[in-house]
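Listing of data_4.cif; format and content: mmCIF, C-alpha atoms.
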data_run
#
loop_
_atom_site.label_atom_id
_atom_site.label_comp_id
_atom_site.auth_asym_id
_atom_site.auth_seq_id
_atom_site.Cartn_x
_atom_site.Cartn_y
_atom_site.Cartn_z
CA MET A 1 -98.81 149.51 194.48
CA GLN A 2 -96.57 150.00 191.45
CA SER A 3 -93.35 148.02 191.19
CA ILE A 4 -89.95 149.71 191.62
CA PRO A 5 -89.25 149.58 187.84
CA ASP A 6 -92.61 151.37 187.31
CA LEU A 7 -91.59 154.12 189.76
CA ILE A 8 -88.21 154.53 188.04
CA ARG A 9 -89.91 154.72 184.64
CA LYS A 10 -92.41 157.31 185.91
CA LYS A 11 -89.64 159.58 187.22
CA ARG A 12 -87.47 158.92 184.15
CA ASP A 13 -90.35 160.17 181.98
CA GLY A 14 -90.55 163.38 183.99
CA GLU A 15 -93.70 162.71 186.00
CA ALA A 16 -94.14 163.64 189.66
CA LEU A 17 -94.17 160.77 192.15
CA SER A 18 -97.03 160.61 194.65
CA ASP A 19 -96.49 160.63 198.43
CA GLU A 20 -97.21 156.90 198.52
CA GLU A 21 -94.70 156.17 195.76
CA ILE A 22 -91.92 158.15 197.45
CA LYS A 23 -92.76 156.43 200.75
CA ALA A 24 -92.48 153.03 199.04
CA PHE A 25 -89.13 153.93 197.48
CA ILE A 26 -87.60 155.09 200.78
CA ARG A 27 -89.03 152.07 202.60
CA THR A 28 -87.33 149.66 200.19
CA VAL A 29 -84.06 151.62 200.45
CA THR A 30 -84.18 151.48 204.25
CA ASN A 31 -85.00 147.78 204.54
CA LYS A 32 -82.64 146.94 201.65
CA THR A 33 -85.24 145.14 199.51
CA ILE A 34 -84.31 147.23 196.47
CA GLN A 35 -81.28 146.44 194.31
CA ASP A 36 -78.45 149.00 194.29
CA CYS A 37 -78.76 149.30 190.51
CA GLN A 38 -82.44 150.26 190.91
CA THR A 39 -81.64 152.85 193.57
CA GLY A 40 -78.89 154.23 191.30
CA ALA A 41 -81.34 154.40 188.38
CA MET A 42 -83.87 156.30 190.51
CA LEU A 43 -81.18 158.73 191.70
CA MET A 44 -80.16 159.39 188.09
CA ALA A 45 -83.82 159.88 187.07
CA ILE A 46 -84.21 162.43 189.91
CA TRP A 47 -80.95 164.10 188.86
CA GLN A 48 -82.13 164.31 185.22
CA LYS A 49 -85.77 165.31 185.74
CA GLY A 50 -85.74 167.07 189.09
CA MET A 51 -88.58 167.11 191.59
CA VAL A 52 -91.34 169.58 192.41
CA ASP A 53 -91.44 171.08 195.91
CA ALA A 54 -94.13 168.66 197.14
CA GLU A 55 -91.99 165.66 196.09
CA ILE A 56 -88.88 167.09 197.80
CA GLN A 57 -90.88 167.75 200.97
CA THR A 58 -92.16 164.15 201.03
CA LEU A 59 -88.74 162.70 200.16
CA THR A 60 -87.18 164.64 203.04
CA ARG A 61 -89.93 163.71 205.52
CA GLU A 62 -89.75 160.02 204.61
CA MET A 63 -85.93 159.98 204.85
CA MET A 64 -86.18 161.68 208.25
CA SER A 65 -88.73 159.11 209.44
CA SER A 66 -86.67 156.14 208.16
CA GLY A 67 -85.02 155.85 211.57
CA GLU A 68 -85.14 157.30 215.06
CA VAL A 69 -86.32 160.89 215.48
CA MET A 70 -84.86 162.44 218.61
CA SER A 71 -87.09 163.68 221.41
CA TRP A 72 -86.14 166.22 224.05
CA PRO A 73 -87.41 167.19 227.51
CA LYS A 74 -90.35 169.59 227.16
CA GLU A 75 -88.54 172.31 229.10
CA TRP A 76 -86.11 172.54 226.16
CA ALA A 77 -88.92 173.67 223.84
CA GLY A 78 -87.68 176.50 221.61
CA LEU A 79 -84.06 176.02 222.69
CA VAL A 80 -82.82 173.15 220.48
CA VAL A 81 -80.92 174.70 217.55
CA ASP A 82 -78.21 173.82 215.04
CA LYS A 83 -76.33 175.04 212.01
CA HIS A 84 -75.17 173.37 208.82
CA SER A 85 -72.52 174.54 206.36
CA THR A 86 -72.29 173.36 202.75
CA GLY A 87 -68.52 173.10 203.20
CA GLY A 88 -65.57 175.41 202.78
CA VAL A 89 -61.84 175.79 203.30
CA GLY A 90 -60.75 176.46 206.87
CA ASP A 91 -64.40 176.34 207.96
CA LYS A 92 -64.11 175.95 211.72
CA VAL A 93 -67.30 177.90 212.54
CA SER A 94 -68.99 174.97 214.34
CA LEU A 95 -66.17 174.64 216.87
CA VAL A 96 -66.77 178.22 218.02
CA LEU A 97 -70.52 178.58 217.40
CA ALA A 98 -71.77 175.44 219.19
CA PRO A 99 -70.21 176.39 222.57
CA ALA A 100 -71.20 180.06 222.09
CA LEU A 101 -74.85 179.02 221.64
CA ALA A 102 -74.61 176.74 224.69
CA ALA A 103 -73.27 179.71 226.65
CA CYS A 104 -76.41 181.63 225.59
CA GLY A 105 -78.62 178.89 227.09
CA TYR A 106 -79.32 176.82 223.97
CA LYS A 107 -79.11 173.07 223.37
CA VAL A 108 -77.03 172.20 220.30
CA PRO A 109 -77.08 168.52 219.21
CA MET A 110 -74.67 169.10 216.33
CA ILE A 111 -74.47 166.02 214.12
CA SER A 112 -71.55 166.65 211.80
CA GLY A 113 -69.77 165.01 208.91
CA ARG A 114 -66.30 164.04 207.84
CA GLY A 115 -64.23 165.76 205.19
CA LEU A 116 -64.51 164.54 201.62
CA ALA A 117 -62.70 165.89 198.53
CA HIS A 118 -61.24 169.35 199.29
CA THR A 119 -63.61 170.35 202.12
CA GLY A 120 -62.60 169.60 205.69
CA GLY A 121 -64.91 167.81 208.12
CA THR A 122 -65.70 169.05 211.62
CA LEU A 123 -65.37 165.50 213.03
CA ASP A 124 -61.84 165.10 211.63
CA LYS A 125 -60.83 168.39 213.26
CA LEU A 126 -62.15 167.35 216.66
CA GLU A 127 -60.54 163.91 216.41
CA SER A 128 -57.14 165.60 216.29
CA ILE A 129 -57.74 166.25 220.03
CA PRO A 130 -56.52 163.13 221.91
CA GLY A 131 -59.44 161.23 223.43
CA PHE A 132 -62.24 163.18 221.71
CA ASN A 133 -65.00 160.65 220.95
CA ILE A 134 -67.45 161.61 218.21
CA HIS A 135 -69.43 158.36 218.66
CA GLN A 136 -72.21 159.02 221.15
CA SER A 137 -75.57 157.26 221.50
CA THR A 138 -78.83 159.21 221.57
CA ALA A 139 -79.00 158.77 225.35
CA GLN A 140 -75.43 160.08 225.72
CA ILE A 141 -76.23 163.06 223.49
CA ARG A 142 -79.20 163.89 225.72
CA ASP A 143 -77.01 163.66 228.86
CA ILE A 144 -74.28 165.89 227.38
CA LEU A 145 -76.88 168.48 226.31
CA ALA A 146 -78.36 168.44 229.82
CA SER A 147 -74.99 168.99 231.50
CA VAL A 148 -73.05 171.08 228.93
CA GLY A 149 -75.54 172.35 226.34
CA CYS A 150 -73.68 171.30 223.18
CA CYS A 151 -72.06 168.27 221.62
CA ILE A 152 -70.53 167.61 218.22
CA VAL A 153 -70.99 164.02 217.15
CA GLY A 154 -71.13 161.73 214.13
CA GLN A 155 -74.34 160.40 212.63
CA THR A 156 -75.61 157.60 214.88
CA GLU A 157 -76.60 154.21 213.42
CA THR A 158 -80.25 154.81 214.20
CA LEU A 159 -80.66 158.27 212.63
CA VAL A 160 -81.78 158.57 208.99
CA PRO A 161 -80.54 155.16 207.77
CA ALA A 162 -82.01 155.90 204.31
CA ASP A 163 -79.56 158.78 203.91
CA ARG A 164 -76.53 156.59 204.60
CA VAL A 165 -77.51 154.29 201.73
CA LEU A 166 -78.43 157.10 199.32
CA TYR A 167 -75.37 159.19 200.19
CA ALA A 168 -72.97 156.37 199.31
CA LEU A 169 -74.78 155.63 196.04
CA ARG A 170 -74.97 159.30 195.04
CA ASP A 171 -71.19 159.39 195.17
CA ALA A 172 -70.93 156.23 193.06
CA THR A 173 -73.47 157.40 190.45
CA SER A 174 -72.38 161.06 190.00
CA THR A 175 -75.65 162.39 191.39
CA VAL A 176 -74.16 164.31 194.32
CA ASP A 177 -75.08 167.72 192.88
CA SER A 178 -78.84 167.19 192.52
CA PRO A 179 -80.71 169.93 194.47
CA PRO A 180 -83.60 167.64 195.55
CA LEU A 181 -81.13 165.03 196.80
CA ILE A 182 -78.96 167.63 198.55
CA ALA A 183 -82.04 169.08 200.28
CA GLY A 184 -83.31 165.63 201.27
CA SER A 185 -79.95 164.63 202.73
CA ILE A 186 -79.25 167.83 204.70
CA ILE A 187 -82.73 168.59 205.98
CA SER A 188 -83.69 164.98 206.86
CA LYS A 189 -80.69 164.72 209.20
CA LYS A 190 -81.45 168.06 210.85
CA GLY A 191 -85.17 167.17 211.03
CA ALA A 192 -84.28 163.99 212.93
CA GLU A 193 -82.61 166.20 215.56
CA SER A 194 -86.08 167.70 216.27
CA LEU A 195 -84.79 171.28 216.12
CA SER A 196 -86.68 174.46 216.95
CA ALA A 197 -84.48 176.43 214.57
CA LEU A 198 -81.78 175.78 211.98
CA VAL A 199 -79.43 178.18 210.23
CA LEU A 200 -77.67 177.17 207.01
CA ASP A 201 -74.38 178.60 205.78
CA VAL A 202 -74.66 178.16 202.01
CA LYS A 203 -71.34 178.99 200.42
CA PHE A 204 -70.58 180.24 196.93
CA GLY A 205 -67.33 181.10 195.17
CA ARG A 206 -64.14 179.51 193.97
CA ALA A 207 -63.72 177.05 196.86
CA ALA A 208 -67.44 176.17 197.18
CA LEU A 209 -69.69 173.63 195.46
CA TYR A 210 -71.56 176.52 193.80
CA LYS A 211 -69.33 179.02 192.07
CA ASP A 212 -71.84 181.89 191.75
CA LEU A 213 -74.25 183.61 194.11
CA GLN A 214 -77.34 182.89 192.00
CA SER A 215 -77.04 179.08 191.97
CA ALA A 216 -76.16 179.04 195.68
CA LYS A 217 -79.20 181.21 196.36
CA GLU A 218 -81.48 178.77 194.54
CA LEU A 219 -80.21 175.91 196.72
CA ALA A 220 -80.49 178.07 199.87
CA GLN A 221 -84.08 179.00 199.01
CA LEU A 222 -84.93 175.32 198.50
CA LEU A 223 -83.32 174.31 201.83
CA VAL A 224 -85.15 177.10 203.67
CA THR A 225 -88.48 176.07 202.12
CA VAL A 226 -88.02 172.37 202.91
CA GLY A 227 -86.79 173.03 206.47
CA ASN A 228 -89.71 175.32 207.27
CA GLY A 229 -92.04 172.75 205.66
CA LEU A 230 -90.89 170.22 208.30
CA GLY A 231 -91.77 172.67 211.07
CA MET A 232 -88.23 173.90 211.82
CA ARG A 233 -87.71 177.64 211.62
CA THR A 234 -85.01 177.67 208.95
CA ALA A 235 -82.87 180.53 207.62
CA ALA A 236 -79.83 180.66 205.36
CA ALA A 237 -76.81 182.92 205.02
CA LEU A 238 -75.13 183.16 201.62
CA SER A 239 -71.42 183.55 202.27
CA CYS A 240 -68.47 184.01 199.95
CA MET A 241 -65.88 181.19 199.89
CA ASP A 242 -62.98 182.28 197.67
CA ALA A 243 -59.98 182.36 200.01
CA THR A 244 -59.90 180.61 203.41
CA ILE A 245 -61.84 181.21 206.62
CA GLY A 246 -59.33 182.44 209.16
CA ARG A 247 -55.63 181.80 208.60
CA CYS A 248 -55.35 178.06 209.25
CA VAL A 249 -56.31 175.09 207.09
CA GLY A 250 -55.82 171.49 208.25
CA ASN A 251 -57.24 169.60 211.20
CA SER A 252 -54.89 170.27 214.17
CA LEU A 253 -54.12 173.81 213.04
CA GLU A 254 -57.82 174.64 212.77
CA VAL A 255 -58.44 173.38 216.31
CA ILE A 256 -55.67 175.72 217.51
CA GLU A 257 -57.23 178.66 215.65
CA SER A 258 -60.67 177.81 217.08
CA LEU A 259 -59.27 177.75 220.61
CA GLU A 260 -57.53 181.09 220.02
CA THR A 261 -60.88 182.48 218.80
CA LEU A 262 -62.61 181.16 221.94
CA LYS A 263 -59.91 183.01 223.91
CA GLY A 264 -61.01 186.26 222.25
CA LYS A 265 -58.23 186.40 219.65
CA GLY A 266 -60.09 185.21 216.58
CA PRO A 267 -59.78 186.52 213.01
CA ASP A 268 -62.47 188.97 211.84
CA ASP A 269 -63.87 186.78 209.05
CA LEU A 270 -64.40 183.78 211.36
CA MET A 271 -66.03 186.00 214.00
CA GLU A 272 -68.29 187.53 211.33
CA LEU A 273 -69.63 184.10 210.39
CA VAL A 274 -69.98 182.92 214.01
CA THR A 275 -71.85 186.05 215.15
CA THR A 276 -74.04 186.34 212.03
CA LEU A 277 -75.16 182.70 212.05
CA GLY A 278 -75.60 182.66 215.83
CA GLY A 279 -77.41 185.99 215.81
CA VAL A 280 -79.96 184.70 213.29
CA LEU A 281 -80.69 181.68 215.53
CA LEU A 282 -81.19 183.95 218.56
CA MET A 283 -83.57 186.08 216.52
CA MET A 284 -85.55 183.14 215.08
CA THR A 285 -86.11 181.69 218.56
CA GLY A 286 -87.32 185.04 219.91
CA LYS A 287 -84.44 185.61 222.35
CA VAL A 288 -83.54 188.94 220.71
CA SER A 289 -85.57 191.34 218.60
CA ASP A 290 -83.04 192.04 215.85
CA GLN A 291 -79.90 190.67 214.24
CA SER A 292 -77.44 193.17 215.69
CA GLU A 293 -78.54 192.34 219.25
CA GLY A 294 -78.16 188.64 218.41
CA ARG A 295 -74.67 189.18 216.99
CA GLN A 296 -73.69 191.12 220.11
CA GLN A 297 -74.81 188.35 222.49
CA ILE A 298 -72.87 185.70 220.57
CA SER A 299 -69.82 187.98 220.42
CA ASP A 300 -70.02 188.58 224.19
CA ALA A 301 -70.19 184.82 224.83
CA VAL A 302 -67.00 184.33 222.78
CA ILE A 303 -65.01 187.38 223.90
CA GLY A 304 -66.02 187.00 227.56
CA GLY A 305 -64.83 183.40 227.83
CA ALA A 306 -68.22 181.73 228.49
CA ALA A 307 -68.02 179.84 225.19
CA LEU A 308 -64.48 178.63 226.00
CA SER A 309 -65.75 177.12 229.28
CA LYS A 310 -68.48 175.30 227.35
CA PHE A 311 -65.92 173.98 224.84
CA GLN A 312 -63.78 172.68 227.71
CA ALA A 313 -66.82 170.99 229.31
CA MET A 314 -67.85 169.50 225.93
CA MET A 315 -64.35 168.05 225.42
CA GLU A 316 -64.46 166.42 228.85
CA ALA A 317 -68.00 165.09 228.28
CA GLN A 318 -66.84 163.56 225.00
CA GLY A 319 -63.88 161.67 226.42
CA VAL A 320 -60.96 164.13 226.58
CA ALA A 321 -58.94 163.85 229.80
CA LYS A 322 -59.68 166.69 232.25
CA GLU A 323 -56.02 167.78 232.34
CA THR A 324 -55.80 167.84 228.51
CA ALA A 325 -59.00 169.90 228.18
CA ARG A 326 -57.88 172.31 230.89
CA SER A 327 -54.46 172.72 229.31
CA LEU A 328 -55.87 173.40 225.81
CA CYS A 329 -58.20 176.06 227.23
CA SER A 330 -55.62 177.79 229.46
CA THR A 331 -54.30 181.20 228.50
CA HIS A 332 -50.67 180.49 227.66
CA THR A 333 -50.60 176.95 226.40
CA ASP A 334 -48.17 175.11 224.18
CA TYR A 335 -50.77 173.52 221.89
CA HIS A 336 -48.26 171.15 220.31
CA ARG A 337 -47.63 169.47 223.64
CA ILE A 338 -51.08 167.96 223.07
CA LEU A 339 -51.96 168.33 219.40
CA ARG A 340 -49.72 166.57 216.95
CA LYS A 341 -47.30 168.82 215.08
CA SER A 342 -46.13 167.83 211.60
CA GLU A 343 -42.54 166.63 211.28
CA HIS A 344 -41.70 169.26 208.67
CA GLN A 345 -42.55 172.92 208.07
CA MET A 346 -41.66 175.00 205.05
CA ASP A 347 -42.17 178.73 204.47
CA LEU A 348 -43.14 180.06 201.05
CA LYS A 349 -41.88 183.56 200.18
CA THR A 350 -43.63 186.44 198.41
CA PRO A 351 -42.48 186.82 194.77
CA ALA A 352 -42.64 190.63 194.71
CA GLU A 353 -43.34 193.76 196.69
CA GLY A 354 -46.92 194.98 196.68
CA VAL A 355 -50.34 194.34 198.21
CA VAL A 356 -51.92 190.92 198.79
CA VAL A 357 -54.85 191.00 196.36
CA ASP A 358 -55.96 187.38 196.34
CA ILE A 359 -55.34 183.98 197.92
CA ASP A 360 -56.90 181.02 196.13
CA GLY A 361 -58.43 178.85 198.86
CA LEU A 362 -59.33 176.04 196.47
CA THR A 363 -55.72 175.52 195.32
CA LEU A 364 -54.52 175.54 198.92
CA ALA A 365 -57.15 172.95 199.92
CA GLU A 366 -56.46 170.71 196.93
CA VAL A 367 -52.70 170.59 197.58
CA LEU A 368 -53.18 169.93 201.32
CA HIS A 369 -55.64 167.18 200.44
CA LYS A 370 -52.95 165.49 198.32
CA LEU A 371 -50.46 165.87 201.19
CA GLY A 372 -52.73 163.82 203.47
CA ALA A 373 -54.98 166.40 205.19
CA GLY A 374 -58.10 165.06 203.43
CA ARG A 375 -59.51 161.89 201.93
CA SER A 376 -60.72 160.83 198.48
CA LYS A 377 -62.88 157.93 199.66
CA ALA A 378 -65.06 157.64 202.76
CA GLY A 379 -63.30 155.65 205.47
CA GLU A 380 -59.74 156.62 204.51
CA PRO A 381 -57.55 157.97 207.33
CA VAL A 382 -56.36 161.59 207.40
CA ASN A 383 -53.15 163.03 208.81
CA HIS A 384 -54.31 165.57 211.42
CA SER A 385 -50.95 167.37 211.50
CA VAL A 386 -50.89 168.32 207.79
CA GLY A 387 -52.02 171.87 207.02
CA ALA A 388 -51.01 175.42 206.28
CA GLU A 389 -51.01 178.74 208.07
CA LEU A 390 -51.36 181.99 206.16
CA LEU A 391 -48.90 184.58 207.44
CA VAL A 392 -50.42 187.46 205.45
CA SER A 393 -53.97 188.71 204.97
CA LEU A 394 -55.85 190.26 202.06
CA GLY A 395 -55.05 193.94 201.58
CA GLN A 396 -51.74 193.69 203.46
CA ARG A 397 -48.61 195.42 202.09
CA VAL A 398 -45.71 193.01 201.73
CA SER A 399 -42.04 193.28 200.71
CA LYS A 400 -40.45 190.81 198.34
CA GLY A 401 -39.13 187.59 199.91
CA VAL A 402 -41.14 187.60 203.17
CA SER A 403 -42.87 184.42 204.34
CA TRP A 404 -46.54 184.37 203.33
CA LEU A 405 -47.46 180.73 204.03
CA GLN A 406 -46.15 178.10 206.41
CA LEU A 407 -46.74 174.59 205.10
CA HIS A 408 -46.97 171.71 207.62
CA TYR A 409 -46.28 168.35 206.00
CA GLU A 410 -45.00 164.84 206.65
CA ASP A 411 -45.03 162.07 204.06
CA PRO A 412 -45.45 162.71 201.13
CA ALA A 413 -43.37 165.86 200.91
CA PRO A 414 -44.73 168.50 198.49
CA THR A 415 -43.54 168.09 194.90
CA PRO A 416 -42.00 171.04 192.99
CA ASP A 417 -45.26 171.20 191.00
CA GLN A 418 -47.34 171.45 194.20
CA ILE A 419 -45.08 174.19 195.58
CA ASN A 420 -45.46 176.02 192.28
CA ARG A 421 -49.26 175.68 192.47
CA LEU A 422 -49.24 177.09 196.00
CA GLN A 423 -47.07 180.05 194.92
CA LYS A 424 -49.55 180.77 192.12
CA ALA A 425 -52.40 180.79 194.68
CA LEU A 426 -51.03 184.11 195.96
CA THR A 427 -51.64 187.27 193.92
CA VAL A 428 -49.57 190.30 194.86
CA GLY A 429 -50.72 193.46 193.11
CA ALA A 430 -49.10 196.88 192.66
CA LEU A 431 -49.46 199.21 195.64
CA ASP A 432 -52.11 201.24 193.79
CA ASP A 433 -54.03 198.11 192.68
CA THR A 434 -57.76 198.93 192.62
CA ARG A 435 -58.65 195.39 193.68
CA THR A 436 -57.41 195.99 197.21
CA GLN A 437 -60.44 197.74 198.58
CA ARG A 438 -61.24 197.31 202.23
CA LYS A 439 -62.11 193.74 203.17
CA GLN A 440 -65.65 192.90 202.14
CA PRO A 441 -67.97 191.09 204.54
CA LEU A 442 -68.31 187.39 203.72
CA VAL A 443 -72.08 187.18 204.22
CA LYS A 444 -73.76 188.71 201.16
CA GLU A 445 -77.38 187.92 201.91
CA LEU A 446 -79.69 186.37 204.51
CA LEU A 447 -82.80 184.37 203.66
CA LEU A 448 -85.17 184.32 206.62
CA PRO A 449 -88.30 182.16 207.01
CA HIS A 450 -91.42 183.73 205.46
CA SER A 451 -93.69 182.92 208.35
CA ALA A 452 -91.31 184.78 210.63
CA SER A 453 -93.00 185.48 213.93
CA PHE A 454 -90.52 188.23 214.85
#

Starting from the file, give its structure as structure tokens.
Amino acid sequence: MQSIPDLIRKKRDGEALSDEEIKAFIRTVTNKTIQDCQTGAMLMAIWQKGMVDAEIQTLTREMMSSGEVMSWPKEWAGLVVDKHSTGGVGDKVSLVLAPALAACGYKVPMISGRGLAHTGGTLDKLESIPGFNIHQSTAQIRDILASVGCCIVGQTETLVPADRVLYALRDATSTVDSPPLIAGSIISKKGAESLSALVLDVKFGRAALYKDLQSAKELAQLLVTVGNGLGMRTAAALSCMDATIGRCVGNSLEVIESLETLKGKGPDDLMELVTTLGGVLLMMTGKVSDQSEGRQQISDAVIGGAALSKFQAMMEAQGVAKETARSLCSTHTDYHRILRKSEHQMDLKTPAEGVVVDIDGLTLAEVLHKLGAGRSKAGEPVNHSVGAELLVSLGQRVSKGVSWLQLHYEDPAPTPDQINRLQKALTVGALDDTRTQRKQPLVKELLLPHSASF
């Protein structure tokens, strides 16, 4: 067997690594017999030279097999599903979709992440609910899926240990944006969940990792190929991420908006993503014959209240007091009796009369991040109460001097420069501005598995 420096040299020189060589690399990463500097050098060689599909497939499979791979009761065959998003602003889709899928009879072992940089993390949102425990063992996950049908948890110690090591070093070595490494990280974790089907929400646009549709599509295609190669039916939606999803950004505020959506009062863009992604999963698992029927079933589960009941049951199963869960899910609730409200709120006013043409989601997320809603380094705390609520929507006519954004903040208070940046995030156009066409759908394209059996 070649030494680690030989493997690094081979990849550095642009050669393809064999299955055995990739296996050896991941084995040394997992059992920590490789030096961090060698792992970093290999990551940079992969970033520089790329990998062919066969290498990516092996890398992903070996990462997946580096720890425990979940197993489910055989009567759940074809029912274990999940979704993954590449990260956006105000992306609360999981909080609505997981219980909606459970209401449709599926098992959703959603292993989620924390927020980093300007994108929010599903786990941080849920932890703004008092008592919600994202740390569950594999046995506990199985029990919650048996009784409720969905759970949203953090990565357990035993799942994909190789990814934990590589993920931390990718950040430290500026190799986060390598397609083979992104695919390995995402798909290995989902593969370890032993899913029947997976849908990916690959975002593009101003507030996404990929700014244009074409580069996002290349990543989506790769993820779909690798996922299907592991035996999971995998599809991807390409969705536009320029503004925000829904009206709220920030952990507590997004939980409130998710609960309102589960009570049938959700914004159109959030419902579009929930029903499209859910509908694709229903179609891939053979429950419905086409996408529109799938979308309808997910929509019915949300509008009819079945998904809300599942969310309440999931909260209780994950440590939230019965009374708290019941109160959050009741019709007329004062959310801030339970969810922390920021000490200060400030309204920003429209600079002119006209039509709301654009809202820059990236600017909004970056400022909120600085105000304490996000973190710059893994492990840092976040302030769940910090956030913002949009009071206007795209295409809306506004007068001059009306409130368009409510900012929720504590310490630090926003600086004049940050307030200025937020004001510039809003574009108000003339009433006859041609840019104010009807709202476009967010999902621009769907990539379905080739070997589709439907």

Atom pair CA of Gln221 in chain A / CA of Ile186 in chain A: separation (Å): 13.4 Å

Given all atoms listed in the file as the counted atoms, nearest of A:Thr28, A:Asn251, A:Ser239, A:Thr86 to Gly374 in chain A: A:Asn251

Please write out, as lines of an AutoDock Vina configuration file, where the centre of an axis-aligned box around all listed atoms of range 301-314 of chain A lies and how long its edges are, in Å to one decimal, after adding 6 Å on each side.
center_x = -67.0
center_y = 178.4
center_z = 226.0
size_x = 18.4
size_y = 29.9
size_z = 18.5

Picked residues, the PyMOL selection byres ((chain A and resi 263) around 12), as number ranges by chain: A: 96, 100, 256-262, 264-267, 299-309, 311-312, 328-333

Result set of the PyMOL selection byres ((chain A and resi 144) around 10) on the coordinates above, as a list of chain:residue names: A:Lys107, A:Val108, A:Pro109, A:Gln136, A:Thr138, A:Ala139, A:Gln140, A:Ile141, A:Arg142, A:Asp143, A:Leu145, A:Ala146, A:Ser147, A:Val148, A:Gly149, A:Cys150, A:Cys151, A:Ala313, A:Met314, A:Glu316, A:Ala317, A:Gln318

Could you state which residues are captured by the PyMOL selection byres ((chain A and resi 444) around 7) in this file, as a PDB file with C-alpha atoms, in the frame of the given file?
ATOM      1  CA  LEU A 238     -75.130 183.160 201.620  1.00  0.00           C
ATOM      2  CA  SER A 239     -71.420 183.550 202.270  1.00  0.00           C
ATOM      3  CA  LEU A 442     -68.310 187.390 203.720  1.00  0.00           C
ATOM      4  CA  VAL A 443     -72.080 187.180 204.220  1.00  0.00           C
ATOM      5  CA  GLU A 445     -77.380 187.920 201.910  1.00  0.00           C
TER       6      GLU A 445
END

Atom pair CA of Ala365 in chain A / CA of Val89 in chain A: separation (Å): 6.4 Å

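Proximity of A:Arg337, A:Lys217, A:Lys189, A:Arg164 to Val29 in chain A, computed with only C-alpha atoms, is greatest for A:Arg164.
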
Surrounding residues of range 18-26 of chain A excluding itself and chain neighbours under 3 positions, 7 Å, all atoms listed in the file, as a PyMOL selection string: chain A and resi 29-30+58-59+62-63+162

File of the preceding selection, C-alpha atoms, as a compact mmCIF listing (two decimals), keeping the file's coordinate frame:
# COMPACT_ATOMS: atom_id res chain seq x y z
CA VAL A 29 -84.06 151.62 200.45
CA THR A 30 -84.18 151.48 204.25
CA THR A 58 -92.16 164.15 201.03
CA LEU A 59 -88.74 162.70 200.16
CA GLU A 62 -89.75 160.02 204.61
CA MET A 63 -85.93 159.98 204.85
CA ALA A 162 -82.01 155.90 204.31
